[in-house]
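Pasted below: entry_13.cif, mmCIF, C-alpha atoms.
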```
data_query
loop_
_atom_site.label_atom_id
_atom_site.label_comp_id
_atom_site.auth_asym_id
_atom_site.auth_seq_id
_atom_site.Cartn_x
_atom_site.Cartn_y
_atom_site.Cartn_z
CA GLY A 26 -29.83 -3.80 31.81
CA TYR A 27 -29.33 -4.77 35.41
CA ALA A 28 -30.05 -1.23 36.66
CA ALA A 29 -33.28 -1.06 34.63
CA THR A 30 -34.72 -4.41 35.77
CA GLY A 31 -33.03 -4.99 39.07
CA SER A 32 -32.19 -8.49 37.87
CA ILE A 33 -29.41 -10.34 36.05
CA SER A 34 -32.04 -11.36 33.48
CA GLY A 35 -32.07 -7.75 32.27
CA SER A 36 -28.34 -7.96 31.53
CA ILE A 37 -28.79 -11.27 29.73
CA LEU A 38 -31.65 -9.85 27.64
CA GLN A 39 -29.55 -6.85 26.70
CA LEU A 40 -26.70 -9.11 25.65
CA VAL A 41 -29.05 -11.23 23.52
CA ASN A 42 -30.40 -8.08 21.86
CA LEU A 43 -26.86 -6.92 21.13
CA ILE A 44 -25.95 -10.27 19.54
CA VAL A 45 -29.14 -10.33 17.46
CA GLY A 46 -28.49 -6.77 16.29
CA MET A 47 -24.94 -7.68 15.26
CA LEU A 48 -26.18 -10.75 13.35
CA ILE A 49 -28.76 -8.62 11.52
CA TYR A 50 -26.20 -5.99 10.47
CA LEU A 51 -23.31 -8.36 9.68
CA PRO A 52 -24.50 -9.34 6.14
CA PHE A 53 -24.90 -5.65 5.27
CA VAL A 54 -21.41 -4.85 6.55
CA ARG A 55 -19.95 -7.72 4.52
CA PHE A 56 -21.89 -6.61 1.44
CA ASN A 57 -20.58 -3.08 1.87
CA MET A 58 -17.00 -4.30 2.23
CA ARG A 59 -17.35 -6.37 -0.97
CA ARG A 60 -18.72 -3.31 -2.75
CA ILE A 61 -15.82 -1.17 -1.54
CA ASN A 62 -13.28 -3.81 -2.63
CA GLN A 63 -14.93 -4.13 -6.04
CA THR A 64 -14.74 -0.35 -6.45
CA LYS A 65 -11.04 -0.44 -5.51
CA LYS A 66 -10.37 -3.16 -8.08
CA MET A 67 -12.23 -1.19 -10.75
CA GLN A 68 -10.03 1.85 -10.08
CA VAL A 69 -6.89 -0.32 -10.20
CA LYS A 70 -8.12 -1.77 -13.50
CA LYS A 71 -8.45 1.76 -14.90
CA LEU A 72 -4.87 2.51 -13.85
CA GLU A 73 -3.67 -0.70 -15.51
CA GLU A 74 -5.46 0.18 -18.74
CA LEU A 75 -3.88 3.62 -18.68
CA VAL A 76 -0.41 2.10 -18.24
CA ILE A 77 -1.03 -0.34 -21.13
CA LEU A 78 -2.18 2.56 -23.32
CA HIS A 79 1.01 4.48 -22.62
CA GLU A 80 3.13 1.34 -23.16
CA GLU A 81 1.75 1.09 -26.68
CA ASP A 82 2.82 4.62 -27.61
CA GLY A 83 6.10 4.50 -25.64
CA THR A 84 5.28 7.27 -23.14
CA SER A 85 5.14 7.41 -19.33
CA PRO A 86 1.75 7.98 -17.65
CA LYS A 87 1.27 10.70 -15.00
CA LEU A 88 -0.71 8.62 -12.54
CA MET A 89 -0.20 10.87 -9.53
CA GLN A 90 -1.71 13.81 -11.40
CA LEU A 91 -5.00 12.05 -12.04
CA GLU A 92 -8.07 13.54 -10.39
CA GLY A 93 -10.91 11.81 -8.58
CA GLU A 94 -10.94 8.20 -7.38
CA ALA A 95 -8.29 7.06 -9.89
CA GLY A 96 -5.80 9.61 -8.55
CA GLU A 97 -6.63 8.67 -4.95
CA MET A 98 -6.06 5.00 -5.79
CA ALA A 99 -2.71 5.76 -7.45
CA ARG A 100 -1.54 7.62 -4.34
CA PHE A 101 -2.83 4.84 -2.07
CA LEU A 102 -1.03 2.14 -4.08
CA LEU A 103 2.22 4.12 -4.10
CA GLY A 104 2.05 4.44 -0.32
CA GLU A 105 1.48 0.69 0.10
CA ILE A 106 4.27 -0.26 -2.32
CA VAL A 107 6.84 2.16 -0.85
CA HIS A 108 5.95 1.00 2.68
CA GLN A 109 6.69 -2.59 1.63
CA LEU A 110 9.97 -1.57 -0.02
CA HIS A 111 11.17 0.37 3.03
CA LYS A 112 10.42 -2.69 5.19
CA GLY A 113 12.36 -4.86 2.74
CA GLU A 114 9.24 -6.90 1.98
CA ILE A 115 9.98 -7.50 -1.68
CA ASN A 116 8.15 -10.44 -3.23
CA ILE A 117 9.87 -12.29 -6.07
CA HIS A 118 8.52 -15.28 -7.98
CA TYR A 119 10.93 -17.27 -10.14
CA GLN A 120 10.01 -18.69 -13.55
CA PRO A 121 12.30 -21.61 -14.46
CA GLN A 122 14.11 -21.79 -17.79
CA VAL A 123 14.81 -25.32 -19.04
CA ASN A 124 16.65 -26.89 -21.95
CA GLN A 125 15.23 -29.38 -24.45
CA LYS A 126 15.88 -32.21 -21.99
CA GLY A 127 13.83 -30.54 -19.26
CA LYS A 128 16.84 -29.59 -17.11
CA ALA A 129 16.54 -26.23 -15.36
CA LEU A 130 19.44 -23.98 -16.35
CA GLY A 131 18.19 -20.75 -14.84
CA ALA A 132 15.18 -18.69 -13.85
CA GLU A 133 13.75 -15.22 -14.33
CA ALA A 134 12.97 -13.10 -11.27
CA LEU A 135 9.46 -11.65 -11.47
CA LEU A 136 8.36 -8.84 -9.17
CA ARG A 137 4.98 -9.58 -7.57
CA CYS A 138 3.45 -6.88 -5.38
CA PHE A 139 0.45 -7.85 -3.23
CA VAL A 140 -1.92 -5.32 -1.68
CA GLU A 141 -4.55 -6.41 0.84
CA SER A 142 -8.15 -6.33 -0.48
CA ILE A 143 -6.89 -5.82 -4.05
CA GLY A 144 -4.54 -8.73 -4.73
CA TYR A 145 -1.46 -8.88 -6.95
CA LEU A 146 -0.83 -5.72 -8.94
CA TYR A 147 0.01 -5.55 -12.64
CA PRO A 148 3.87 -5.30 -12.54
CA PRO A 149 4.16 -2.47 -15.14
CA LEU A 150 1.73 -0.46 -12.98
CA VAL A 151 4.06 -0.90 -10.00
CA ILE A 152 7.04 0.18 -12.11
CA ALA A 153 5.16 3.18 -13.49
CA LEU A 154 4.23 4.40 -9.99
CA LEU A 155 7.78 3.97 -8.68
CA LYS A 156 9.35 5.55 -11.76
CA GLU A 157 7.08 8.60 -11.59
CA ASN A 158 8.01 9.19 -7.96
CA GLY A 159 11.75 8.48 -8.01
CA TYR A 160 11.83 5.05 -6.32
CA LEU A 161 13.31 2.97 -9.14
CA GLU A 162 16.79 3.01 -7.61
CA LEU A 163 15.46 1.67 -4.30
CA LEU A 164 13.59 -1.09 -6.13
CA ARG A 165 16.66 -1.95 -8.21
CA ASP A 166 18.89 -2.28 -5.15
CA LEU A 167 16.37 -4.49 -3.33
CA LEU A 168 15.88 -6.71 -6.37
CA ILE A 169 19.60 -7.16 -6.95
CA HIS A 170 20.24 -7.90 -3.27
CA GLN A 171 17.45 -10.49 -3.14
CA VAL A 172 18.59 -12.21 -6.34
CA PHE A 173 22.17 -12.45 -5.05
CA CYS A 174 20.93 -13.88 -1.73
CA ASP A 175 18.89 -16.51 -3.57
CA LEU A 176 21.83 -17.31 -5.85
CA LYS A 177 23.98 -17.87 -2.77
CA ILE A 178 21.44 -20.39 -1.47
CA LEU A 179 21.41 -22.17 -4.85
CA GLN A 180 25.19 -22.18 -5.05
CA ASP A 181 25.46 -23.68 -1.56
CA GLN A 182 23.08 -26.44 -2.73
CA GLY A 183 25.39 -27.32 -5.64
CA TYR A 184 23.97 -25.22 -8.48
CA GLN A 185 27.26 -23.81 -9.75
CA HIS A 186 26.19 -22.65 -13.21
CA PHE A 187 22.60 -21.60 -12.57
CA ILE A 188 21.65 -18.20 -13.99
CA LEU A 189 19.12 -15.86 -12.39
CA SER A 190 17.99 -12.90 -14.47
CA LEU A 191 15.98 -9.82 -13.57
CA ASN A 192 14.25 -7.16 -15.62
CA LEU A 193 15.51 -3.59 -15.58
CA THR A 194 14.20 -0.46 -17.21
CA ALA A 195 16.53 1.47 -19.50
CA GLU A 196 16.80 4.10 -16.76
CA GLN A 197 17.91 1.50 -14.22
CA LEU A 198 20.34 -0.17 -16.62
CA VAL A 199 22.28 2.97 -17.52
CA ASN A 200 22.37 4.33 -13.96
CA PRO A 201 26.08 4.74 -13.05
CA LYS A 202 25.44 3.29 -9.57
CA LEU A 203 24.33 -0.06 -11.01
CA ILE A 204 27.84 -1.44 -11.53
CA SER A 205 29.00 -0.50 -8.02
CA LYS A 206 25.86 -2.15 -6.55
CA ILE A 207 26.50 -5.39 -8.44
CA GLN A 208 30.18 -5.35 -7.50
CA GLN A 209 29.23 -4.81 -3.85
CA GLU A 210 26.93 -7.86 -3.92
CA ILE A 211 29.60 -9.96 -5.65
CA ASP A 212 32.13 -9.03 -2.95
CA GLN A 213 29.68 -9.85 -0.15
CA THR A 214 28.34 -13.15 -1.49
CA GLY A 215 31.23 -14.48 -3.60
CA ILE A 216 28.80 -15.16 -6.44
CA ASN A 217 30.27 -15.39 -9.93
CA SER A 218 28.96 -12.45 -11.98
CA SER A 219 28.24 -14.78 -14.94
CA MET A 220 25.34 -16.21 -12.89
CA ILE A 221 23.52 -12.85 -13.14
CA GLY A 222 21.51 -11.76 -16.17
CA LEU A 223 20.02 -8.32 -16.76
CA GLU A 224 17.00 -8.22 -19.08
CA LEU A 225 15.55 -5.31 -20.97
CA THR A 226 12.78 -5.24 -23.52
CA GLU A 227 13.24 -4.12 -27.11
CA GLN A 228 11.28 -0.98 -26.21
CA ALA A 229 13.67 -0.25 -23.33
CA ALA A 230 16.66 -0.95 -25.58
CA MET A 231 15.44 1.72 -27.97
CA GLU A 232 15.76 4.27 -25.15
CA ILE A 233 19.48 3.53 -24.74
CA THR A 234 21.63 6.05 -26.58
CA GLN A 235 25.09 5.55 -28.05
CA LYS A 236 26.44 7.39 -25.01
CA ASN A 237 24.94 4.76 -22.68
CA ILE A 238 26.31 1.76 -24.58
CA ALA A 239 29.61 2.12 -22.69
CA GLN A 240 27.71 1.26 -19.47
CA ILE A 241 26.43 -1.97 -21.04
CA MET A 242 29.93 -2.85 -22.22
CA ARG A 243 31.27 -2.32 -18.68
CA LEU A 244 28.58 -4.65 -17.34
CA ARG A 245 29.54 -7.30 -19.88
CA LYS A 246 33.21 -6.84 -19.00
CA LEU A 247 32.25 -7.45 -15.37
CA GLY A 248 30.82 -10.78 -16.54
CA VAL A 249 27.11 -9.95 -16.27
CA ARG A 250 24.91 -11.39 -19.04
CA ILE A 251 22.84 -8.87 -21.01
CA ILE A 252 19.55 -10.26 -22.30
CA MET A 253 17.07 -8.76 -24.75
CA ASP A 254 13.48 -9.65 -23.87
CA ASP A 255 10.56 -9.80 -26.35
CA PHE A 256 12.94 -10.25 -29.28
CA GLY A 257 11.33 -10.21 -32.73
CA MET A 258 12.38 -9.41 -36.25
CA GLY A 259 11.94 -5.65 -35.86
CA HIS A 260 14.50 -3.15 -37.10
CA SER A 261 15.70 -2.28 -33.59
CA SER A 262 16.26 -5.95 -32.74
CA MET A 263 18.46 -6.40 -35.78
CA MET A 264 20.39 -3.19 -35.07
CA TYR A 265 21.18 -4.22 -31.50
CA LEU A 266 22.38 -7.61 -32.69
CA LEU A 267 24.60 -5.76 -35.15
CA ASN A 268 26.19 -3.91 -32.22
CA ASN A 269 26.68 -7.26 -30.42
CA GLN A 270 25.47 -5.97 -27.06
CA PHE A 271 23.48 -9.02 -25.97
CA ASP A 272 24.49 -12.45 -24.70
CA CYS A 273 20.99 -13.88 -24.97
CA VAL A 274 17.66 -13.04 -26.61
CA LYS A 275 14.21 -14.16 -25.51
CA LEU A 276 11.84 -14.79 -28.38
CA ASP A 277 8.68 -12.72 -28.39
CA GLY A 278 5.82 -14.87 -27.07
CA SER A 279 3.64 -14.06 -30.09
CA LEU A 280 6.05 -16.01 -32.32
CA ILE A 281 5.69 -19.14 -30.18
CA LYS A 282 1.91 -18.82 -29.83
CA GLN A 283 1.53 -18.81 -33.64
CA LEU A 284 3.97 -21.66 -34.15
CA ARG A 285 1.33 -24.38 -34.70
CA ASP A 286 -0.67 -22.46 -37.30
CA SER A 287 1.90 -20.24 -38.98
CA LYS A 288 4.75 -21.43 -41.18
CA ARG A 289 6.01 -17.85 -41.14
CA SER A 290 6.56 -18.03 -37.37
CA ALA A 291 8.47 -21.28 -37.79
CA LYS A 292 10.67 -19.72 -40.49
CA ILE A 293 11.33 -16.61 -38.40
CA ILE A 294 12.29 -18.72 -35.37
CA GLU A 295 14.53 -20.86 -37.59
CA SER A 296 16.24 -17.71 -38.90
CA ILE A 297 16.84 -16.42 -35.37
CA MET A 298 18.30 -19.78 -34.34
CA GLN A 299 20.68 -19.66 -37.31
CA LEU A 300 21.67 -16.12 -36.33
CA SER A 301 22.29 -17.25 -32.76
CA GLN A 302 24.72 -19.93 -33.94
CA SER A 303 26.66 -17.60 -36.22
CA LEU A 304 26.70 -14.59 -33.84
CA HIS A 305 27.18 -16.71 -30.68
CA PHE A 306 24.25 -15.72 -28.49
CA ASP A 307 21.79 -17.92 -26.61
CA VAL A 308 18.04 -18.08 -27.26
CA VAL A 309 15.20 -18.57 -24.79
CA ALA A 310 11.68 -19.29 -26.03
CA GLU A 311 8.71 -18.14 -23.95
CA TYR A 312 5.16 -19.58 -23.98
CA VAL A 313 6.30 -23.13 -24.75
CA GLU A 314 3.34 -25.06 -23.37
CA ASP A 315 3.38 -28.49 -25.05
CA GLN A 316 5.75 -31.02 -26.63
CA SER A 317 5.03 -29.98 -30.24
CA GLN A 318 6.09 -26.39 -29.49
CA GLN A 319 9.10 -27.65 -27.54
CA GLN A 320 10.20 -29.85 -30.46
#
```
What would you get if you wrote out this structure as C-alpha cells?
Amino acid sequence: GYAATGSISGSILQLVNLIVGMLIYLPFVRFNMRRINQTKKMQVKKLEELVILHEEDGTSPKLMQLEGEAGEMARFLLGEIVHQLHKGEINIHYQPQVNQKGKALGAEALLRCFVESIGYLYPPLVIALLKENGYLELLRDLLIHQVFCDLKILQDQGYQHFILSLNLTAEQLVNPKLISKIQQEIDQTGINSSMIGLELTEQAAMEITQKNIAQIMRLRKLGVRIIMDDFGMGHSSMMYLLNNQFDCVKLDGSLIKQLRDSKRSAKIIESIMQLSQSLHFDVVAEYVEDQSQQQ
C-alpha cells in the first residue's frame, strides 16, 4: 500500500480493507464451522444408534469397517479416545449412592469421554470402539488406578467404609490380569479391597461361562464386591442369584420408573427385597427421583 501510493495513508487504507474483508467473511466462516460440527454430530448419532441396535440383539458392532462418513467418524473418534487414554486423561464422574436417611454410602464411577466440537460421547459407543480395537485392557487399568487414587483421597478425609464401584464388561471381568492389577493397587494405596465394587450388567453376566466363575470367586475371596447392574426378574437374574455370585444387585431403572403407576412393579421390588434379606445381598435402586419413590 505504501509502495503504490507513496504515502502511509495507502498502508492504512489497505489495512482497513483487510479488516472489512475479514468482517464480511467471518459470519460465513462461523456458519460453515457450525455446519461441519452439525454434520459430525449427525455421524456420531448414527454410530450411537448402531451401537444401541447391536446392544438389543447382544452382538458387537464392526464400527471400523463402516464405509463413508460414518466409518471416517468412527476412526476419528477412536484416535481421539486412544490419544486421551495414552496421556492418562481419563474423565470419571461419580454418581452418589445414598441410604434411606440421605447418607452417602458409596458412588458409581461413570466414564465420560469429551471430544472437542462434538461433546460428551455415548459411553457404550466408547466401549464398543475400544473393544473392537483391543484397548479394553488399557481402559480397565486406567479406570482401576483412578478409582483407587480417589478412594485414597476419601479414606484420608475419614471415609473408612465408602464404596466406589466401576462397570466392567464380561471380557474385562474374566481377564486373568484383573486380579493382579487390583492387588497391585491395594499394595500401593493400602486401600481395603472391600471398598471396591465391580459391576456388570445382566447381559454381560450371561456371557460368563461356568469356566469363568472361578475368576469371580477369586475376586470375592480377595474382598472385592461383585454387583449385578440392571437387575430384573429375568431367568438369568434368578440363576445368578442361585449361584450366589453377587454381593449386591442394582434394580433395573424401569421397575422404579413404573413404581407410581404399577402395583406389579411394587410387588416385584418387594419380592427382590425379601430375597435380599434371605440370601444376604444388598440392593441399590436407580432412578429414585422423589420422596414417594424413596419411601
Any chance you could resolve the PyMOL selection byres ((chain A and resi 164) around 12) against this file and give the residues as a PyMOL selection string?
chain A and resi 106-117+136+138+151-156+158-163+165-171+191-194+197+203
I'd like the contact shell of Met298 (chain A) - 12 Å cut-off, all atoms listed in the file, skipping same-chain residues fewer than 3 positions apart - returned as a list in words.
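Surrounding residues, per the criterion: Gly257, Cys273, Val274, Lys275, Leu276, Ala291, Lys292, Ile293, Ile294, Glu295, Ser301, Gln302, Ser303, Leu304, His305, Phe306, Asp307, Val308, Val309 and Ala310 of chain A.
Here the question is which of A:Ile204, A:Leu78, A:Leu102, A:Leu40 gets nearest to Ser142 (chain A) using all atoms listed in the file, and that residue is A:Leu102.
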At what distance in Å, to one decimal, does CA of Lys128 (chain A) lie from CA of Thr214 (chain A)?
25.4 Å
Starting from the displayed file, determine the output of the PyMOL selection byres ((chain A and resi 248-256) around 6) and express the residue list as a PyMOL selection string.
chain A and resi 218-219+221-226+244-247+257+271-277
Take the PyMOL selection byres ((chain A and resi 119-122) around 6), run it mentally on this structure, and tell me the resulting residues as a ChimeraX atom specification.
/A:118,123,129-135
What is the distance between CA of Ser205 (chain A) and CA of Gln270 (chain A), in Å to one decimal?
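CA of Gln270 (chain A) lies at a distance of 20.1 Å from CA of Ser205 (chain A).
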From CA of Leu43 (chain A) to CA of Met58 (chain A) the spacing works out at 21.5 Å
Pick the closest to Pro149 (chain A) from A:Leu48, A:Val76, A:Ala195, A:Ile281: which is it, counting only C-alpha atoms?
A:Val76
Given all atoms listed in the file as the basis, pick out the residue of A:Ala29, A:Ala95, A:Leu179, A:Ile241 nearest to Leu198 (chain A).
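Smallest distance to Leu198 (chain A) is found for A:Ile241.
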Could you give me, as a ChimeraX atom specification, the residues within 9 Å of Glu94 (chain A), counting all atoms listed in the file and dropping anything in the same chain fewer than 4 positions from it?
/A:65,68,98-99
Shortest interatomic distance to Gln180 (chain A) - which of A:Ile207, A:Ile44, A:Ile37, A:Ile216, counting all atoms listed in the file
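Nearest candidate to Gln180 (chain A) out of A:Ile207, A:Ile44, A:Ile37, A:Ile216: A:Ile216.
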Taking (-5.4, -6.4, -13.1) as a centre in this file's frame and 8 Å as the limit, can you find every polymer residue with an atom that close, using all atoms listed in the file, and give them as JSON, numbers by chain?
{"A": [66, 69, 70, 73, 145, 146, 147]}
Enumerate, as a PyMOL selection string, the protein, DNA and RNA residues whose atoms approach (0.5, 10.9, -19.3) to within 12 Å, taking into account only C-alpha atoms and the coordinate frame of the file.
chain A and resi 72+75-80+82-91+153-154+157
Would you save the residues from that selection as a PDB file, keeping the file's coordinate frame, using C-alpha atoms?
```pdb
ATOM      1  CA  LEU A  72      -4.870   2.510 -13.850  1.00  0.00           C
ATOM      2  CA  LEU A  75      -3.880   3.620 -18.680  1.00  0.00           C
ATOM      3  CA  VAL A  76      -0.410   2.100 -18.240  1.00  0.00           C
ATOM      4  CA  ILE A  77      -1.030  -0.340 -21.130  1.00  0.00           C
ATOM      5  CA  LEU A  78      -2.180   2.560 -23.320  1.00  0.00           C
ATOM      6  CA  HIS A  79       1.010   4.480 -22.620  1.00  0.00           C
ATOM      7  CA  GLU A  80       3.130   1.340 -23.160  1.00  0.00           C
ATOM      8  CA  ASP A  82       2.820   4.620 -27.610  1.00  0.00           C
ATOM      9  CA  GLY A  83       6.100   4.500 -25.640  1.00  0.00           C
ATOM     10  CA  THR A  84       5.280   7.270 -23.140  1.00  0.00           C
ATOM     11  CA  SER A  85       5.140   7.410 -19.330  1.00  0.00           C
ATOM     12  CA  PRO A  86       1.750   7.980 -17.650  1.00  0.00           C
ATOM     13  CA  LYS A  87       1.270  10.700 -15.000  1.00  0.00           C
ATOM     14  CA  LEU A  88      -0.710   8.620 -12.540  1.00  0.00           C
ATOM     15  CA  MET A  89      -0.200  10.870  -9.530  1.00  0.00           C
ATOM     16  CA  GLN A  90      -1.710  13.810 -11.400  1.00  0.00           C
ATOM     17  CA  LEU A  91      -5.000  12.050 -12.040  1.00  0.00           C
ATOM     18  CA  ALA A 153       5.160   3.180 -13.490  1.00  0.00           C
ATOM     19  CA  LEU A 154       4.230   4.400  -9.990  1.00  0.00           C
ATOM     20  CA  GLU A 157       7.080   8.600 -11.590  1.00  0.00           C
TER      21      GLU A 157
END
```
Could you check which of A:Val313, A:Leu300, A:Met47, A:Val41 is closest to Leu280 (chain A), using only C-alpha atoms?
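Nearest candidate to Leu280 (chain A) out of A:Val313, A:Leu300, A:Met47, A:Val41: A:Val313.
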